[in-house]
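Below is one structure, written out as structure tokens; the observations come after it.
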There are 2 protein chains.
Amino acid sequence: MKIIIADDDQIVKLSLKTILESLEIEVLGTGGNGREAVELYKEHHPDVALLDIRMPVMTGLEAAGEILKYDSSAKILFLTTFSDDEYIIEALNMGVKGYILKQDFESISPALTAVKAGQSVFGRDVVSKLSSLVPGEKTDYRKLGISEKEEEVIALVAKGLNNKEIGQAMFLSEGTVRNYISGVLEKLQLRDRTQLAIFHHTH
Amino acid sequence: MKIIIADDDQIVKLSLKTILESLEIEVLGTGGNGREAVELYKEHHPDVALLDIRMPVMTGLEAAGEILKYDSSAKILFLTTFSDDEYIIEALNMGVKGYILKQDFESISPALTAVKAGQSVFGRDVVSKLSSLVPGEKTDYRKLGISEKEEEVIALVAKGLNNKEIGQAMFLSEGTVRNYISGVLEKLQLRDRTQLAIFHHTH
DNA sequence: ACGCTAATATGACAATTGTCACATTAGGTT
DNA sequence: AACCTAATGTGACAATTGTCATATTAGCGT
């Protein structure tokens, strides 16, 4: 197993190197910023690249982009202090293979192995952030005193239909649709159909 | 490392058992459905529970729920054939530790190790499904010929404000706000503010 | 059959919204 | 200064929307 490490914190970088080398993991090189990480990658083609997110000159994100542009099959594992939730999404879409906390050293080695084997690894807290971002369980409108028909109306409003179109879709008169919506707004404490659509798309 | 395995496919189950046992992994028991998985878990308290999703009597999802209710720190790893994307979200929110494909046997072992160490592991395809579910890259309005002010208006519409409120928030007259919105709708080929809010929340 | 209730519809009304044509203003350019 | 352009505002207008009071209808239970 051959890797490279990039972290602007010397202590972290060296500790990691020492620990990992004691576990038959070959550290081909270490760098202190994103640019160095990219150079190291091009030079050594490691199995996995271990990158810090926050680094001077070039961030880990940017470096990951460069590396993936150079080698789209690169396996990149982000090391983060904690609660850098903002970058998770970007990292995910970028095709990065992992996002773990640099706190618990002992779990980094298995993570490396799993990533080398083609899996993606995420730290405990990271996953909980992630699952909170994912669409999640949709609101159960029935529990808010909303009928099945009303729910259908909501769905159509949330698709951007106007009252006439909703009426045609549900075989109701436009007026009835208005009444339904009026009732729903009341129950949900909303003001207008726009807020209703937003509610539907966020809850 | 001690685990249990539940899969209704005998071949998969036994192959897994054989392979893993050849890797110093102790298989405490195997079962063919969710109910058996729960019983096995309560009996053996394994480091990790390896569960198939689709199983007769009780599905892997349900079993996971039972197990987590019994031991909230249980480490559960789902084995899926492929493209069971529908369950990913549910599994995630449930607090499951991994979701990997049962195809590539050789990567299951490292996944187990990582999970035991407290990480979460997801198979390659699984992650790509996941990242497609996540909010994703927000549309760059600037590339659609939309100015900064217009973008601000859009953001406020997407929060559910009416024109008067947007005007107050941006120190513009209500009429100007209307003009902005009118222009934006034209550029985005939308009909009204509701569709605009939806667009903002989905693109 | 009788009464009750839910679902659907209607009409009236005010408020909001979207469109458009046309000011007004403020900065830059020449 | 004269000009141009972008940003902002205004007024008028029709369409849509939300609210409400009030039918109409159909089904259900007694």
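Identifiers for the structure tokens are assigned positionally: chains receive A, B, ... in sequence, residues are indexed from 1 per chain, and ligands are indexed from 1 in the order shown.
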Can you build me a table of chain C residues sitting at most 9 Å from chain A, with the closest atom pair per residue and its distance in Å to one decimal, using only C-alpha atoms (C1' of nucleotides), sorted by chain and residue number, as JSON lines?
```
{"residue": "C:DT8", "atom": "C1'", "partner": "A:Thr176", "partner_atom": "CA", "distance": 6.6}
{"residue": "C:DA9", "atom": "C1'", "partner": "A:Thr176", "partner_atom": "CA", "distance": 6.6}
{"residue": "C:DT10", "atom": "C1'", "partner": "A:Gly175", "partner_atom": "CA", "distance": 7.7}
```
Legend entry - Selection near stretch 143-149 of chain B, 12 Å with only C-alpha atoms (C1' of nucleotides), sequence-local residues under 5 positions removed, as a list in words: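 Result of the neighbour search: Lys138, Ile154, Ala155, Leu156, Ile166, Gly167, Ala169, Met170, Phe171, Leu172, Thr176, Val177, Asn179, Tyr180, Ile181, Gly183, Val184, Leu185, Glu186, Lys187, Leu188 and Gln189 of chain B; DA6 and DA7 of chain D.
In the backbone-derived DSSP annotation, helix (DSSP H, G or I) within stretch 83-117 of chain B comprises B:Asp85, B:Glu86, B:Tyr87, B:Ile88, B:Ile89, B:Glu90, B:Ala91, B:Leu92, B:Asn93, B:Met94, B:Phe105, B:Glu106, B:Ser107, B:Ile108, B:Ser109, B:Pro110, B:Ala111, B:Leu112, B:Thr113, B:Ala114, B:Val115, B:Lys116.
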Legend entry - Distance in Å - atom CA of B:Gly123 versus atom CA of A:Leu51: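 Calculated distance between atom CA of B:Gly123 and atom CA of A:Leu51 is 20.8 Å.
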Inset, instruction - Tell me, as number ranges by chain, which residues lie within 12 Å of B:Leu92, counting only C-alpha atoms (C1' of nucleotides); anything in the same chain fewer than 2 positions away does not count. - result: A: 124, 126-137; B: 61, 64-65, 76-78, 85-90, 94-99, 120-122, 126-127, 130
Legend entry - Exercise answer, chain D residues close to chain A, 9 Å and only C-alpha atoms (C1' of nucleotides), as a VMD selection string: chain D and resid 16 to 19
Please provide chain A as a PDB file with C-alpha atoms, in the first residue's frame, once it has been superposed on chain B by least squares across all sequentially paired Cα atoms.
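To be explicit, this is the file written out as selection_39.pdb:
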```pdb
ATOM      1  CA  MET A   1     -13.274 -10.259  14.285  1.00  0.00           C
ATOM      2  CA  LYS A   2     -16.688 -11.821  14.854  1.00  0.00           C
ATOM      3  CA  ILE A   3     -19.624 -11.360  12.542  1.00  0.00           C
ATOM      4  CA  ILE A   4     -23.015 -12.723  11.559  1.00  0.00           C
ATOM      5  CA  ILE A   5     -24.425 -12.999   8.051  1.00  0.00           C
ATOM      6  CA  ALA A   6     -28.010 -12.809   6.829  1.00  0.00           C
ATOM      7  CA  ASP A   7     -28.946 -13.389   3.220  1.00  0.00           C
ATOM      8  CA  ASP A   8     -31.823 -15.284   1.721  1.00  0.00           C
ATOM      9  CA  ASP A   9     -29.646 -16.448  -1.143  1.00  0.00           C
ATOM     10  CA  GLN A  10     -28.031 -19.660   0.137  1.00  0.00           C
ATOM     11  CA  ILE A  11     -25.266 -19.555  -2.422  1.00  0.00           C
ATOM     12  CA  VAL A  12     -24.213 -16.053  -1.518  1.00  0.00           C
ATOM     13  CA  LYS A  13     -24.497 -16.764   2.171  1.00  0.00           C
ATOM     14  CA  LEU A  14     -22.350 -19.875   2.081  1.00  0.00           C
ATOM     15  CA  SER A  15     -19.799 -18.460  -0.309  1.00  0.00           C
ATOM     16  CA  LEU A  16     -19.377 -15.484   1.949  1.00  0.00           C
ATOM     17  CA  LYS A  17     -19.046 -17.631   5.012  1.00  0.00           C
ATOM     18  CA  THR A  18     -16.404 -19.790   3.383  1.00  0.00           C
ATOM     19  CA  ILE A  19     -14.411 -16.906   2.037  1.00  0.00           C
ATOM     20  CA  LEU A  20     -14.488 -14.868   5.215  1.00  0.00           C
ATOM     21  CA  GLU A  21     -13.626 -17.808   7.414  1.00  0.00           C
ATOM     22  CA  SER A  22     -10.562 -18.365   5.274  1.00  0.00           C
ATOM     23  CA  LEU A  23      -9.531 -14.854   6.324  1.00  0.00           C
ATOM     24  CA  GLU A  24      -9.497 -15.413  10.064  1.00  0.00           C
ATOM     25  CA  ILE A  25     -12.957 -13.874  10.341  1.00  0.00           C
ATOM     26  CA  GLU A  26     -15.208 -15.724  12.715  1.00  0.00           C
ATOM     27  CA  VAL A  27     -18.736 -16.241  11.392  1.00  0.00           C
ATOM     28  CA  LEU A  28     -20.829 -16.763  14.515  1.00  0.00           C
ATOM     29  CA  GLY A  29     -23.972 -17.596  12.628  1.00  0.00           C
ATOM     30  CA  THR A  30     -25.926 -17.188   9.419  1.00  0.00           C
ATOM     31  CA  GLY A  31     -29.593 -16.604   8.748  1.00  0.00           C
ATOM     32  CA  GLY A  32     -31.944 -16.355   5.803  1.00  0.00           C
ATOM     33  CA  ASN A  33     -34.164 -13.460   6.816  1.00  0.00           C
ATOM     34  CA  GLY A  34     -34.353 -10.369   8.948  1.00  0.00           C
ATOM     35  CA  ARG A  35     -35.956 -12.008  11.952  1.00  0.00           C
ATOM     36  CA  GLU A  36     -33.199 -14.581  12.144  1.00  0.00           C
ATOM     37  CA  ALA A  37     -30.651 -11.790  11.844  1.00  0.00           C
ATOM     38  CA  VAL A  38     -32.099 -10.038  14.870  1.00  0.00           C
ATOM     39  CA  GLU A  39     -32.090 -13.249  16.890  1.00  0.00           C
ATOM     40  CA  LEU A  40     -28.530 -14.001  15.869  1.00  0.00           C
ATOM     41  CA  TYR A  41     -27.450 -10.543  16.854  1.00  0.00           C
ATOM     42  CA  LYS A  42     -29.011 -10.735  20.295  1.00  0.00           C
ATOM     43  CA  GLU A  43     -27.462 -14.129  20.830  1.00  0.00           C
ATOM     44  CA  HIS A  44     -23.918 -13.433  19.663  1.00  0.00           C
ATOM     45  CA  HIS A  45     -23.299  -9.697  19.812  1.00  0.00           C
ATOM     46  CA  PRO A  46     -20.983  -9.718  16.800  1.00  0.00           C
ATOM     47  CA  ASP A  47     -18.549  -6.948  15.935  1.00  0.00           C
ATOM     48  CA  VAL A  48     -20.355  -6.440  12.683  1.00  0.00           C
ATOM     49  CA  ALA A  49     -23.651  -7.663  11.227  1.00  0.00           C
ATOM     50  CA  LEU A  50     -23.661  -8.314   7.511  1.00  0.00           C
ATOM     51  CA  LEU A  51     -27.207  -7.996   6.169  1.00  0.00           C
ATOM     52  CA  ASP A  52     -28.839  -8.365   2.804  1.00  0.00           C
ATOM     53  CA  ILE A  53     -31.482  -5.758   2.066  1.00  0.00           C
ATOM     54  CA  ARG A  54     -34.140  -7.789   0.343  1.00  0.00           C
ATOM     55  CA  MET A  55     -35.160 -10.726   2.475  1.00  0.00           C
ATOM     56  CA  PRO A  56     -38.433 -12.551   3.167  1.00  0.00           C
ATOM     57  CA  VAL A  57     -40.315 -12.297   6.473  1.00  0.00           C
ATOM     58  CA  MET A  58     -38.390  -9.210   7.542  1.00  0.00           C
ATOM     59  CA  THR A  59     -36.246  -6.996   5.350  1.00  0.00           C
ATOM     60  CA  GLY A  60     -32.723  -5.986   6.156  1.00  0.00           C
ATOM     61  CA  LEU A  61     -33.879  -2.451   6.835  1.00  0.00           C
ATOM     62  CA  GLU A  62     -36.419  -3.580   9.388  1.00  0.00           C
ATOM     63  CA  ALA A  63     -33.930  -5.927  10.971  1.00  0.00           C
ATOM     64  CA  ALA A  64     -31.413  -3.097  11.223  1.00  0.00           C
ATOM     65  CA  GLY A  65     -34.013  -0.993  12.974  1.00  0.00           C
ATOM     66  CA  GLU A  66     -34.690  -3.754  15.483  1.00  0.00           C
ATOM     67  CA  ILE A  67     -31.040  -4.371  16.092  1.00  0.00           C
ATOM     68  CA  LEU A  68     -30.248  -0.714  16.586  1.00  0.00           C
ATOM     69  CA  LYS A  69     -33.147  -0.385  18.964  1.00  0.00           C
ATOM     70  CA  TYR A  70     -31.654  -3.230  20.955  1.00  0.00           C
ATOM     71  CA  ASP A  71     -28.062  -2.003  20.703  1.00  0.00           C
ATOM     72  CA  SER A  72     -27.636   1.525  19.463  1.00  0.00           C
ATOM     73  CA  SER A  73     -23.922   1.029  18.930  1.00  0.00           C
ATOM     74  CA  ALA A  74     -24.417  -1.962  16.643  1.00  0.00           C
ATOM     75  CA  LYS A  75     -22.323  -1.941  13.496  1.00  0.00           C
ATOM     76  CA  ILE A  76     -24.383  -2.958  10.533  1.00  0.00           C
ATOM     77  CA  LEU A  77     -23.127  -3.393   7.008  1.00  0.00           C
ATOM     78  CA  PHE A  78     -25.619  -3.794   4.195  1.00  0.00           C
ATOM     79  CA  LEU A  79     -24.878  -6.027   1.293  1.00  0.00           C
ATOM     80  CA  THR A  80     -26.748  -5.106  -1.818  1.00  0.00           C
ATOM     81  CA  THR A  81     -26.846  -6.498  -5.293  1.00  0.00           C
ATOM     82  CA  PHE A  82     -26.804  -3.135  -7.016  1.00  0.00           C
ATOM     83  CA  SER A  83     -28.858  -0.045  -7.668  1.00  0.00           C
ATOM     84  CA  ASP A  84     -30.976  -0.336  -4.566  1.00  0.00           C
ATOM     85  CA  ASP A  85     -30.494   3.385  -4.393  1.00  0.00           C
ATOM     86  CA  GLU A  86     -33.881   3.897  -2.817  1.00  0.00           C
ATOM     87  CA  TYR A  87     -32.774   2.408   0.462  1.00  0.00           C
ATOM     88  CA  ILE A  88     -29.523   4.299   0.764  1.00  0.00           C
ATOM     89  CA  ILE A  89     -31.063   7.333   2.348  1.00  0.00           C
ATOM     90  CA  GLU A  90     -33.119   5.359   4.785  1.00  0.00           C
ATOM     91  CA  ALA A  91     -30.126   3.253   5.732  1.00  0.00           C
ATOM     92  CA  LEU A  92     -28.013   6.348   6.232  1.00  0.00           C
ATOM     93  CA  ASN A  93     -30.478   8.070   8.478  1.00  0.00           C
ATOM     94  CA  MET A  94     -30.909   4.874  10.400  1.00  0.00           C
ATOM     95  CA  GLY A  95     -27.275   4.953  11.405  1.00  0.00           C
ATOM     96  CA  VAL A  96     -26.084   1.986   9.429  1.00  0.00           C
ATOM     97  CA  LYS A  97     -22.333   1.732   9.022  1.00  0.00           C
ATOM     98  CA  GLY A  98     -22.026   0.700   5.427  1.00  0.00           C
ATOM     99  CA  TYR A  99     -23.644  -0.162   2.188  1.00  0.00           C
ATOM    100  CA  ILE A 100     -21.587  -2.174  -0.226  1.00  0.00           C
ATOM    101  CA  LEU A 101     -22.064  -4.370  -3.249  1.00  0.00           C
ATOM    102  CA  LYS A 102     -21.914  -8.077  -2.750  1.00  0.00           C
ATOM    103  CA  GLN A 103     -20.329  -8.557  -6.139  1.00  0.00           C
ATOM    104  CA  ASP A 104     -16.695  -8.005  -5.342  1.00  0.00           C
ATOM    105  CA  PHE A 105     -16.076 -10.409  -2.526  1.00  0.00           C
ATOM    106  CA  GLU A 106     -12.485  -9.397  -1.990  1.00  0.00           C
ATOM    107  CA  SER A 107     -13.419  -5.930  -0.828  1.00  0.00           C
ATOM    108  CA  ILE A 108     -15.803  -7.135   1.838  1.00  0.00           C
ATOM    109  CA  SER A 109     -13.095  -8.111   4.255  1.00  0.00           C
ATOM    110  CA  PRO A 110     -11.369  -4.715   4.356  1.00  0.00           C
ATOM    111  CA  ALA A 111     -14.776  -3.127   4.639  1.00  0.00           C
ATOM    112  CA  LEU A 112     -15.477  -5.234   7.713  1.00  0.00           C
ATOM    113  CA  THR A 113     -12.220  -4.206   9.279  1.00  0.00           C
ATOM    114  CA  ALA A 114     -12.847  -0.534   8.648  1.00  0.00           C
ATOM    115  CA  VAL A 115     -16.350  -0.753  10.032  1.00  0.00           C
ATOM    116  CA  LYS A 116     -15.140  -2.537  13.132  1.00  0.00           C
ATOM    117  CA  ALA A 117     -12.682   0.327  13.573  1.00  0.00           C
ATOM    118  CA  GLY A 118     -15.589   2.734  13.574  1.00  0.00           C
ATOM    119  CA  GLN A 119     -15.576   3.992  10.020  1.00  0.00           C
ATOM    120  CA  SER A 120     -18.398   3.859   7.513  1.00  0.00           C
ATOM    121  CA  VAL A 121     -17.888   2.172   4.187  1.00  0.00           C
ATOM    122  CA  PHE A 122     -19.740   2.572   0.940  1.00  0.00           C
ATOM    123  CA  GLY A 123     -19.278   0.779  -2.328  1.00  0.00           C
ATOM    124  CA  ARG A 124     -18.162   2.620  -5.412  1.00  0.00           C
ATOM    125  CA  ASP A 125     -21.489   2.854  -7.185  1.00  0.00           C
ATOM    126  CA  VAL A 126     -23.249   3.545  -3.949  1.00  0.00           C
ATOM    127  CA  VAL A 127     -21.243   6.680  -3.360  1.00  0.00           C
ATOM    128  CA  SER A 128     -21.942   8.005  -6.800  1.00  0.00           C
ATOM    129  CA  LYS A 129     -25.657   7.530  -6.172  1.00  0.00           C
ATOM    130  CA  LEU A 130     -25.233   9.263  -2.886  1.00  0.00           C
ATOM    131  CA  SER A 131     -23.389  12.234  -4.248  1.00  0.00           C
ATOM    132  CA  SER A 132     -26.101  12.679  -6.811  1.00  0.00           C
ATOM    133  CA  LEU A 133     -28.616  12.924  -3.996  1.00  0.00           C
ATOM    134  CA  VAL A 134     -26.680  15.430  -1.996  1.00  0.00           C
ATOM    135  CA  PRO A 135     -27.598  19.061  -2.643  1.00  0.00           C
ATOM    136  CA  GLY A 136     -24.772  19.268  -5.122  1.00  0.00           C
ATOM    137  CA  GLU A 137     -23.269  22.320  -6.684  1.00  0.00           C
ATOM    138  CA  LYS A 138     -25.849  25.021  -6.798  1.00  0.00           C
ATOM    139  CA  THR A 139     -26.708  26.366 -10.177  1.00  0.00           C
ATOM    140  CA  ASP A 140     -24.534  29.283 -11.178  1.00  0.00           C
ATOM    141  CA  TYR A 141     -27.204  31.763 -12.091  1.00  0.00           C
ATOM    142  CA  ARG A 142     -24.614  34.116 -13.505  1.00  0.00           C
ATOM    143  CA  LYS A 143     -24.069  31.638 -16.302  1.00  0.00           C
ATOM    144  CA  LEU A 144     -27.728  31.862 -17.203  1.00  0.00           C
ATOM    145  CA  GLY A 145     -27.556  35.585 -17.795  1.00  0.00           C
ATOM    146  CA  ILE A 146     -28.929  36.440 -14.397  1.00  0.00           C
ATOM    147  CA  SER A 147     -27.591  39.464 -12.523  1.00  0.00           C
ATOM    148  CA  GLU A 148     -26.606  39.657  -8.900  1.00  0.00           C
ATOM    149  CA  LYS A 149     -29.714  41.555  -7.888  1.00  0.00           C
ATOM    150  CA  GLU A 150     -31.906  39.142  -9.765  1.00  0.00           C
ATOM    151  CA  GLU A 151     -30.244  36.309  -7.946  1.00  0.00           C
ATOM    152  CA  GLU A 152     -31.003  37.998  -4.665  1.00  0.00           C
ATOM    153  CA  VAL A 153     -34.632  38.273  -5.654  1.00  0.00           C
ATOM    154  CA  ILE A 154     -34.692  34.605  -6.531  1.00  0.00           C
ATOM    155  CA  ALA A 155     -33.279  33.697  -3.147  1.00  0.00           C
ATOM    156  CA  LEU A 156     -36.009  35.650  -1.411  1.00  0.00           C
ATOM    157  CA  VAL A 157     -38.750  34.192  -3.551  1.00  0.00           C
ATOM    158  CA  ALA A 158     -37.351  30.787  -2.659  1.00  0.00           C
ATOM    159  CA  LYS A 159     -37.734  31.694   0.979  1.00  0.00           C
ATOM    160  CA  GLY A 160     -41.408  32.309   0.488  1.00  0.00           C
ATOM    161  CA  LEU A 161     -41.527  36.095   0.666  1.00  0.00           C
ATOM    162  CA  ASN A 162     -44.120  37.971  -1.353  1.00  0.00           C
ATOM    163  CA  ASN A 163     -43.306  40.943  -3.527  1.00  0.00           C
ATOM    164  CA  LYS A 164     -43.941  43.556  -0.904  1.00  0.00           C
ATOM    165  CA  GLU A 165     -41.643  41.841   1.563  1.00  0.00           C
ATOM    166  CA  ILE A 166     -38.943  41.391  -1.023  1.00  0.00           C
ATOM    167  CA  GLY A 167     -39.206  45.066  -1.850  1.00  0.00           C
ATOM    168  CA  GLN A 168     -38.743  46.019   1.786  1.00  0.00           C
ATOM    169  CA  ALA A 169     -35.832  43.624   2.148  1.00  0.00           C
ATOM    170  CA  MET A 170     -34.044  45.012  -0.884  1.00  0.00           C
ATOM    171  CA  PHE A 171     -35.185  48.630  -0.691  1.00  0.00           C
ATOM    172  CA  LEU A 172     -36.998  48.422  -3.970  1.00  0.00           C
ATOM    173  CA  SER A 173     -40.557  49.224  -4.861  1.00  0.00           C
ATOM    174  CA  GLU A 174     -42.958  46.347  -5.157  1.00  0.00           C
ATOM    175  CA  GLY A 175     -43.334  47.080  -8.822  1.00  0.00           C
ATOM    176  CA  THR A 176     -39.638  46.831  -9.458  1.00  0.00           C
ATOM    177  CA  VAL A 177     -39.559  43.509  -7.731  1.00  0.00           C
ATOM    178  CA  ARG A 178     -42.303  42.348 -10.038  1.00  0.00           C
ATOM    179  CA  ASN A 179     -40.270  43.459 -12.999  1.00  0.00           C
ATOM    180  CA  TYR A 180     -37.235  41.601 -11.777  1.00  0.00           C
ATOM    181  CA  ILE A 181     -39.209  38.454 -11.288  1.00  0.00           C
ATOM    182  CA  SER A 182     -40.836  38.813 -14.652  1.00  0.00           C
ATOM    183  CA  GLY A 183     -37.435  38.994 -16.263  1.00  0.00           C
ATOM    184  CA  VAL A 184     -36.099  36.069 -14.350  1.00  0.00           C
ATOM    185  CA  LEU A 185     -39.072  33.900 -15.256  1.00  0.00           C
ATOM    186  CA  GLU A 186     -38.520  34.746 -18.891  1.00  0.00           C
ATOM    187  CA  LYS A 187     -34.828  33.854 -18.745  1.00  0.00           C
ATOM    188  CA  LEU A 188     -35.445  30.631 -16.892  1.00  0.00           C
ATOM    189  CA  GLN A 189     -38.443  29.653 -18.960  1.00  0.00           C
ATOM    190  CA  LEU A 190     -40.661  29.369 -15.930  1.00  0.00           C
ATOM    191  CA  ARG A 191     -44.243  30.407 -15.453  1.00  0.00           C
ATOM    192  CA  ASP A 192     -44.611  31.745 -11.940  1.00  0.00           C
ATOM    193  CA  ARG A 193     -42.890  32.323  -8.630  1.00  0.00           C
ATOM    194  CA  THR A 194     -43.800  28.881  -7.362  1.00  0.00           C
ATOM    195  CA  GLN A 195     -41.942  27.213 -10.184  1.00  0.00           C
ATOM    196  CA  LEU A 196     -39.104  29.610  -9.528  1.00  0.00           C
ATOM    197  CA  ALA A 197     -38.904  28.623  -5.877  1.00  0.00           C
ATOM    198  CA  ILE A 198     -38.963  24.965  -6.842  1.00  0.00           C
ATOM    199  CA  PHE A 199     -36.259  25.503  -9.408  1.00  0.00           C
ATOM    200  CA  HIS A 200     -34.114  27.185  -6.831  1.00  0.00           C
ATOM    201  CA  HIS A 201     -34.571  24.365  -4.379  1.00  0.00           C
ATOM    202  CA  THR A 202     -33.863  21.586  -6.827  1.00  0.00           C
ATOM    203  CA  HIS A 203     -31.116  22.965  -9.051  1.00  0.00           C
TER     204      HIS A 203
END
```
Legend entry - Residues within 12 Å of D:DA14, only C-alpha atoms (C1' of nucleotides), excluding chain neighbours under 4 positions, as a list in words: DT17, DG18, DT19 and DC20 of chain C
Can you spit out the residues from that selection as a PDB file, in the first residue's frame, using C-alpha atoms (C1' of nucleotides)?
```pdb
ATOM      1  C1'  DT C  17     -49.043  39.078  -9.090  1.00  0.00           C
ATOM      2  C1'  DG C  18     -47.032  39.565 -13.851  1.00  0.00           C
ATOM      3  C1'  DT C  19     -46.618  42.600 -17.936  1.00  0.00           C
ATOM      4  C1'  DC C  20     -45.734  46.627 -20.196  1.00  0.00           C
TER       5       DC C  20
END
```
Inset, instruction - Mind listing the strand (DSSP E) residues of chain B, per DSSP on the backbone, as a list in words? - result: Lys2, Ile3, Ile4, Ile5, Ala6, Glu26, Val27, Leu28, Gly29, Thr30, Gly31, Val48, Ala49, Leu50, Leu51, Asp52, Ile76, Leu77, Phe78, Leu79, Thr80, Gly98, Tyr99, Ile100, Leu101, Ser120, Val121 and Phe122 of chain B
Using N, CA and C atoms, can you write the selected residues to a file as a short mmCIF file (atom, residue, chain, number, x, y, z; two decimals), in the first residue's frame?
```
data_model
loop_
_atom_site.label_atom_id
_atom_site.label_comp_id
_atom_site.auth_asym_id
_atom_site.auth_seq_id
_atom_site.Cartn_x
_atom_site.Cartn_y
_atom_site.Cartn_z
N LYS B 2 -15.41 -10.46 15.00
CA LYS B 2 -16.50 -11.43 15.02
C LYS B 2 -17.73 -10.85 14.31
N ILE B 3 -18.29 -11.64 13.44
CA ILE B 3 -19.44 -11.15 12.68
C ILE B 3 -20.54 -12.21 12.57
N ILE B 4 -21.70 -11.76 12.09
CA ILE B 4 -22.76 -12.69 11.70
C ILE B 4 -23.16 -12.33 10.27
N ILE B 5 -23.72 -13.30 9.57
CA ILE B 5 -24.12 -13.09 8.19
C ILE B 5 -25.58 -13.50 8.01
N ALA B 6 -26.35 -12.70 7.31
CA ALA B 6 -27.72 -13.10 6.97
C ALA B 6 -27.97 -12.84 5.50
N GLU B 26 -14.04 -14.25 12.29
CA GLU B 26 -14.82 -15.29 12.94
C GLU B 26 -16.30 -15.12 12.63
N VAL B 27 -16.88 -16.07 11.94
CA VAL B 27 -18.30 -16.00 11.62
C VAL B 27 -19.08 -16.75 12.71
N LEU B 28 -19.72 -15.97 13.58
CA LEU B 28 -20.38 -16.57 14.73
C LEU B 28 -21.66 -17.30 14.37
N GLY B 29 -22.24 -16.92 13.23
CA GLY B 29 -23.47 -17.59 12.85
C GLY B 29 -23.98 -17.03 11.53
N THR B 30 -24.83 -17.80 10.89
CA THR B 30 -25.43 -17.32 9.64
C THR B 30 -26.92 -17.61 9.67
N GLY B 31 -27.68 -16.76 8.97
CA GLY B 31 -29.12 -16.95 8.93
C GLY B 31 -29.65 -16.65 7.54
N VAL B 48 -19.68 -6.78 13.88
CA VAL B 48 -20.41 -6.26 12.73
C VAL B 48 -21.45 -7.29 12.27
N ALA B 49 -22.61 -6.79 11.85
CA ALA B 49 -23.63 -7.67 11.30
C ALA B 49 -23.73 -7.42 9.80
N LEU B 50 -23.57 -8.48 9.03
CA LEU B 50 -23.60 -8.38 7.58
C LEU B 50 -24.97 -8.84 7.11
N LEU B 51 -25.77 -7.92 6.57
CA LEU B 51 -27.14 -8.26 6.22
C LEU B 51 -27.46 -8.03 4.75
N ASP B 52 -28.19 -8.96 4.19
CA ASP B 52 -28.75 -8.75 2.86
C ASP B 52 -29.98 -7.86 3.04
N ILE B 76 -23.93 -2.22 11.54
CA ILE B 76 -24.59 -3.01 10.52
C ILE B 76 -24.11 -2.64 9.13
N LEU B 77 -23.79 -3.67 8.37
CA LEU B 77 -23.30 -3.45 7.01
C LEU B 77 -24.25 -4.16 6.06
N PHE B 78 -24.84 -3.40 5.15
CA PHE B 78 -25.75 -4.01 4.19
C PHE B 78 -25.01 -4.53 2.98
N LEU B 79 -25.42 -5.70 2.56
CA LEU B 79 -24.89 -6.27 1.33
C LEU B 79 -26.00 -6.19 0.32
N THR B 80 -25.74 -5.57 -0.80
CA THR B 80 -26.80 -5.44 -1.78
C THR B 80 -26.33 -5.94 -3.13
N GLY B 98 -22.95 0.89 6.68
CA GLY B 98 -22.39 0.68 5.37
C GLY B 98 -23.37 0.05 4.41
N TYR B 99 -23.04 0.11 3.18
CA TYR B 99 -23.95 -0.32 2.14
C TYR B 99 -23.07 -0.65 0.94
N ILE B 100 -22.71 -1.93 0.82
CA ILE B 100 -21.78 -2.27 -0.25
C ILE B 100 -22.29 -3.40 -1.12
N LEU B 101 -21.70 -3.53 -2.26
CA LEU B 101 -22.14 -4.54 -3.23
C LEU B 101 -21.51 -5.88 -2.92
N SER B 120 -17.82 4.51 8.23
CA SER B 120 -18.93 4.02 7.42
C SER B 120 -18.40 3.77 6.02
N VAL B 121 -18.85 2.70 5.42
CA VAL B 121 -18.32 2.32 4.12
C VAL B 121 -19.43 2.15 3.09
N PHE B 122 -19.19 2.70 1.92
CA PHE B 122 -20.18 2.57 0.86
C PHE B 122 -19.50 2.12 -0.43
#
```
